[in-house]
Amino acid sequence: MPEGNGTDGSRTRDRDPGLQPERTRLAWRRTTLACAVAASLAGRQTLHGGIDPVSLVVLALVVLAWLAFLTLAHHRIRAL
């Protein structure tokens, strides 16, 4: 068998150990961006009918959920 085909574990020798953390970091950044877009669209939809107390509470919950996700993503990225 040719060397480096991955069936006997020899492929790990050719692999760059820095690529997996980089891919994971980029995935977290893409997910964070998607969450920011979803939060902004949810906020826009919530305020579309006008500002009332229920809309403000929903908007505050959306912002808090987005900030919690952003904090989680930041800690995961820093842990890499």
# chains A, B, ... in the order shown; residues from 1 in each chain; ligands from 1

$ residues_around --residues "Arg78 (chain A)" --least-positions-apart "6" --cutoff "12 Å" --atoms "only C-alpha atoms" --output "ChimeraX atom specification"
/A:21-22,24-25,28-29,71-72

$ atom_distance --atom1 "CA of Arg76 (chain A)" --atom2 "CA of Leu59 (chain A)"
25.7 Å

$ select_by_dssp --residues "chain A" --states "alpha helix (DSSP H)" --output "ChimeraX atom specification"
/A:19-48,53-79

$ closest_residue --among "A:Asp16, A:Ala65, A:Arg23, A:Arg30" --to "Gly43 (chain A)" --atoms "only C-alpha atoms"
A:Ala65

$ residues_around --residues "Leu41 (chain A)" --least-positions-apart "4" --cutoff "12 Å" --atoms "only C-alpha atoms" --output "list of chain:residue names"
A:Ala34, A:Cys35, A:Ala36, A:Val37, A:Gln45, A:Thr46, A:Leu47, A:His48, A:Leu59, A:Val62, A:Val63, A:Trp66

$ atom_distance --atom1 "CA of Asp14 (chain A)" --atom2 "CA of Leu26 (chain A)"
22.0 Å

$ closest_residue --among "A:Ala39, A:Gln20, A:Ala27, A:Pro53" --to "Ala68 (chain A)" --atoms "only C-alpha atoms"
A:Ala39

$ closest_residue --among "A:Thr31, A:Gly18, A:Ala79, A:Ala42" --to "Ala60 (chain A)" --atoms "only C-alpha atoms"
A:Ala42

$ atom_distance --atom1 "CA of Leu61 (chain A)" --atom2 "CA of Ala73 (chain A)"
18.2 Å
